[in-house]
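> Provided herewith is a single structure, encoded as structure tokens, for subsequent inquiry.
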Amino acid sequence: MAFRHFARSGRVIDKRAMKQPMVTYIDAADAPLKNTGQIRLYSKDDFAGMHKACQLTAGCLDELAAIVKPGVTTQEIDDFVYAYGTERGGIPATLNYRGYTKSSCTSINHVVCHGIPNDKPLREGDIVNIDVTYIVDGWHGDSSRMYPVGEIARKAERLLEVTYESLMIGIEAAKPGNTTGDIGAAIQTFVEGNRFSVVRDFCGHGVGKLFHDTPNILHYGRPGEGIELRPGMIFTIEPMVNTGRPHVKVLSDGWTAVTRDRSLSAQYEHSIGITEDGCEIFTLSPAGLHTPGLTIG
Ligand code: MF3
Ligand code: CO
Ligand code: CO
């Protein structure tokens, strides 16, 4: 198969194709419940299972819009996430995940992702990402949104708008025939055109029966690179966008990722499934609160 891209002399004749790693696709029903490096293709019923888990997550993120305000602690937010999910048949996937002990991630201001809920109150002007994943009947619904805390600075507001738009532009590129590189390129072009930067050290991921599965979904790249998208694939897109430089470091708690230059960072995340003619966004807000606190969305 791979030799198709070489002339008889062995010279590479299709540079684009050569940038696509060798990958195999497998019917999710035949695949073992571990990351084998193959790409699971899920069925219609599987999509229904994902939809249910993801709508629980999206419902929680909707409720949080009224809860996030100055004075509330991220631990109180986490307690709400735990109660909301478990009262409705969901289990937070992050609980005891690789030693993580909370039901959500709460990432404030220059925290890029994986902020750990604690007892410090939110302050007027903060921006906070809340990332929730519920497991329902074995399906993982993974989504996050940004929440402004009271009035925020104009630059912070623009960061949230650009980050949300970049997610939706990435989702538009998520269709059969395109590649994961088309998604990354669309996001990167839009973000950099707005003079912000895309974090390279974290990416989206296959999701479904597993929390983090093949393939990685990079939020930067070139059109045509990466893996071909096929109907039945399920993954997240979750761009992290900084007002400053893209570089991050992880704090000594082993989780909290922050911008090295302490610039502001934002992220929105959806879980999606590739269909015959595009994709289904499983984690769409039932209440239309796609961008809480903003006028766009
Ligand atoms: N929900 C995050 C994601 O989008 C993963 C959080 S894992 C944790 O992939 F352990 F940090 F909670
Ligand atoms: Co995710
Ligand atoms: Co997430």
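Each chain of the structure tokens is named A, B, ... in the order shown, its residues numbered from 1; ligands are numbered from 1 in display order.
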Which residues sit within 9 Å of ligand 3, counting only C-alpha atoms and all ligand atoms, listed as a list in words?
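Listed by chain and ascending number, the contacts are Ser104, Cys105, Cys113, His114, Ile130, Asp131, Val132, Thr133, Gly141, Asp142, Ser143, Ser144, Gly204, Thr236, Glu238, Tyr268, Glu269, His270 and Ser271 of chain A.
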> Go ahead and write the selection's residues with all heavy atoms as a tab-separated table (two decimals), in the first residue's frame.

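This went into again23.tsv:
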chain	number	residue	atom	x	y	z
A	104	SER	N	-13.59	17.27	37.83
A	104	SER	CA	-13.47	18.23	36.73
A	104	SER	C	-12.07	18.80	36.72
A	104	SER	O	-11.30	18.61	37.67
A	104	SER	CB	-14.47	19.37	36.93
A	104	SER	OG	-14.17	20.07	38.13
A	105	CYS	N	-11.74	19.52	35.65
A	105	CYS	CA	-10.55	20.36	35.64
A	105	CYS	C	-11.02	21.80	35.56
A	105	CYS	O	-11.96	22.11	34.80
A	105	CYS	CB	-9.65	20.06	34.44
A	105	CYS	SG	-8.99	18.37	34.45
A	113	CYS	N	-4.56	24.08	30.96
A	113	CYS	CA	-5.48	22.94	31.13
A	113	CYS	C	-5.09	22.17	32.39
A	113	CYS	O	-4.03	22.41	32.97
A	113	CYS	CB	-5.45	22.01	29.91
A	113	CYS	SG	-3.85	21.24	29.61
A	114	HIS	N	-5.97	21.26	32.82
A	114	HIS	CA	-5.72	20.35	33.94
A	114	HIS	C	-5.50	21.07	35.27
A	114	HIS	O	-4.81	20.56	36.15
A	114	HIS	CB	-4.53	19.41	33.65
A	114	HIS	CG	-4.73	18.60	32.40
A	114	HIS	ND1	-3.70	17.96	31.75
A	114	HIS	CD2	-5.84	18.34	31.67
A	114	HIS	CE1	-4.17	17.35	30.68
A	114	HIS	NE2	-5.47	17.57	30.60
A	130	ILE	N	-13.89	25.09	32.42
A	130	ILE	CA	-14.36	23.94	33.20
A	130	ILE	C	-14.51	22.78	32.23
A	130	ILE	O	-15.23	22.87	31.23
A	130	ILE	CB	-15.67	24.23	33.94
A	130	ILE	CG1	-15.50	25.51	34.79
A	130	ILE	CG2	-16.06	23.04	34.81
A	130	ILE	CD1	-16.76	25.96	35.51
A	131	ASP	N	-13.78	21.70	32.51
A	131	ASP	CA	-13.70	20.53	31.62
A	131	ASP	C	-14.29	19.32	32.35
A	131	ASP	O	-13.83	18.96	33.43
A	131	ASP	CB	-12.23	20.28	31.24
A	131	ASP	CG	-12.08	19.29	30.10
A	131	ASP	OD1	-13.00	18.46	29.89
A	131	ASP	OD2	-11.04	19.34	29.43
A	132	VAL	N	-15.35	18.77	31.77
A	132	VAL	CA	-16.09	17.68	32.41
A	132	VAL	C	-16.18	16.49	31.46
A	132	VAL	O	-16.42	16.67	30.25
A	132	VAL	CB	-17.53	18.14	32.77
A	132	VAL	CG1	-18.36	16.99	33.32
A	132	VAL	CG2	-17.48	19.31	33.77
A	133	THR	N	-15.98	15.30	31.98
A	133	THR	CA	-16.20	14.07	31.21
A	133	THR	C	-17.02	13.12	32.06
A	133	THR	O	-16.55	12.67	33.11
A	133	THR	CB	-14.88	13.38	30.84
A	133	THR	OG1	-14.03	14.31	30.17
A	133	THR	CG2	-15.13	12.17	29.92
A	141	GLY	N	-18.33	11.22	27.62
A	141	GLY	CA	-18.76	12.52	27.06
A	141	GLY	C	-17.83	13.60	27.56
A	141	GLY	O	-17.92	14.02	28.71
A	142	ASP	N	-16.95	14.11	26.70
A	142	ASP	CA	-15.85	15.01	27.10
A	142	ASP	C	-16.07	16.38	26.47
A	142	ASP	O	-16.10	16.51	25.24
A	142	ASP	CB	-14.53	14.38	26.60
A	142	ASP	CG	-13.29	15.11	27.08
A	142	ASP	OD1	-13.41	16.06	27.86
A	142	ASP	OD2	-12.18	14.69	26.65
A	143	SER	N	-16.21	17.40	27.31
A	143	SER	CA	-16.43	18.75	26.77
A	143	SER	C	-15.98	19.80	27.77
A	143	SER	O	-15.98	19.55	28.99
A	143	SER	CB	-17.92	18.95	26.46
A	143	SER	OG	-18.16	20.19	25.82
A	144	SER	N	-15.62	20.96	27.27
A	144	SER	CA	-15.29	22.08	28.16
A	144	SER	C	-15.70	23.40	27.53
A	144	SER	O	-15.81	23.51	26.31
A	144	SER	CB	-13.80	22.09	28.51
A	144	SER	OG	-13.03	22.66	27.47
A	204	GLY	N	-6.35	17.13	20.98
A	204	GLY	CA	-7.57	16.34	21.08
A	204	GLY	C	-7.23	14.87	20.90
A	204	GLY	O	-6.09	14.51	20.64
A	236	THR	N	-12.27	14.10	20.06
A	236	THR	CA	-12.49	15.46	20.56
A	236	THR	C	-11.67	16.44	19.74
A	236	THR	O	-10.65	16.09	19.15
A	236	THR	CB	-12.06	15.63	22.03
A	236	THR	OG1	-10.62	15.61	22.10
A	236	THR	CG2	-12.63	14.54	22.92
A	238	GLU	N	-10.20	20.26	20.86
A	238	GLU	CA	-10.13	21.05	22.10
A	238	GLU	C	-8.97	22.03	22.09
A	238	GLU	O	-8.08	21.95	22.93
A	238	GLU	CB	-10.07	20.11	23.31
A	238	GLU	CG	-9.06	18.97	23.22
A	238	GLU	CD	-9.11	18.04	24.43
A	238	GLU	OE1	-8.88	18.54	25.55
A	238	GLU	OE2	-9.38	16.85	24.27
A	268	TYR	N	-11.95	25.59	24.44
A	268	TYR	CA	-13.30	25.01	24.36
A	268	TYR	C	-13.13	23.63	23.76
A	268	TYR	O	-12.24	23.40	22.92
A	268	TYR	CB	-14.22	25.83	23.45
A	268	TYR	CG	-14.63	27.18	23.99
A	268	TYR	CD1	-13.77	28.27	23.89
A	268	TYR	CD2	-15.88	27.38	24.58
A	268	TYR	CE1	-14.16	29.53	24.37
A	268	TYR	CE2	-16.28	28.63	25.05
A	268	TYR	CZ	-15.40	29.69	24.94
A	268	TYR	OH	-15.78	30.93	25.42
A	269	GLU	N	-13.99	22.69	24.17
A	269	GLU	CA	-13.86	21.31	23.69
A	269	GLU	C	-15.22	20.71	23.35
A	269	GLU	O	-16.17	20.85	24.13
A	269	GLU	CB	-13.21	20.45	24.79
A	269	GLU	CG	-13.17	18.95	24.45
A	269	GLU	CD	-12.47	18.11	25.52
A	269	GLU	OE1	-12.48	18.50	26.71
A	269	GLU	OE2	-11.93	17.05	25.15
A	270	HIS	N	-15.28	20.03	22.21
A	270	HIS	CA	-16.44	19.21	21.86
A	270	HIS	C	-16.00	17.78	21.56
A	270	HIS	O	-14.89	17.56	21.07
A	270	HIS	CB	-17.15	19.76	20.61
A	270	HIS	CG	-18.16	20.83	20.88
A	270	HIS	ND1	-19.14	20.73	21.86
A	270	HIS	CD2	-18.38	22.02	20.27
A	270	HIS	CE1	-19.90	21.82	21.84
A	270	HIS	NE2	-19.45	22.62	20.90
A	271	SER	N	-16.89	16.83	21.83
A	271	SER	CA	-16.75	15.45	21.35
A	271	SER	C	-17.62	15.33	20.10
A	271	SER	O	-18.79	15.69	20.13
A	271	SER	CB	-17.23	14.44	22.40
A	271	SER	OG	-16.41	14.45	23.55
> Which polymer residues have any atom within 12 Å of an atom of A:Thr243, counting only C-alpha atoms, with same-chain residues fewer than 3 positions away left out, as number ranges by chain?
A: 109-110, 112, 155-160, 162-163, 191-192, 194-199, 240, 246-247, 259-267
> Which of these residues is nearest to ligand 2, using only C-alpha atoms and all ligand atoms: A:Tyr42, A:Tyr164, A:Tyr134, A:Tyr84?
A:Tyr134
> Work out how far apart atom CA of A:Val23 and atom CA of A:Gly184 are and give it in Å to one decimal.
18.3 Å
> Which of stretch 137-284 of chain A counts as strand (DSSP E or B) under DSSP, as JSON, numbers by chain please?
{"A": [139, 140, 141, 142, 143, 144, 145, 146, 147, 148, 179, 197, 198, 204, 205, 206, 213, 214, 215, 216, 217, 228, 234, 235, 236, 237, 240, 241, 242, 248, 249, 250, 257, 258, 259, 265, 266, 267, 269, 270, 271, 272, 273, 274, 279, 280, 281]}
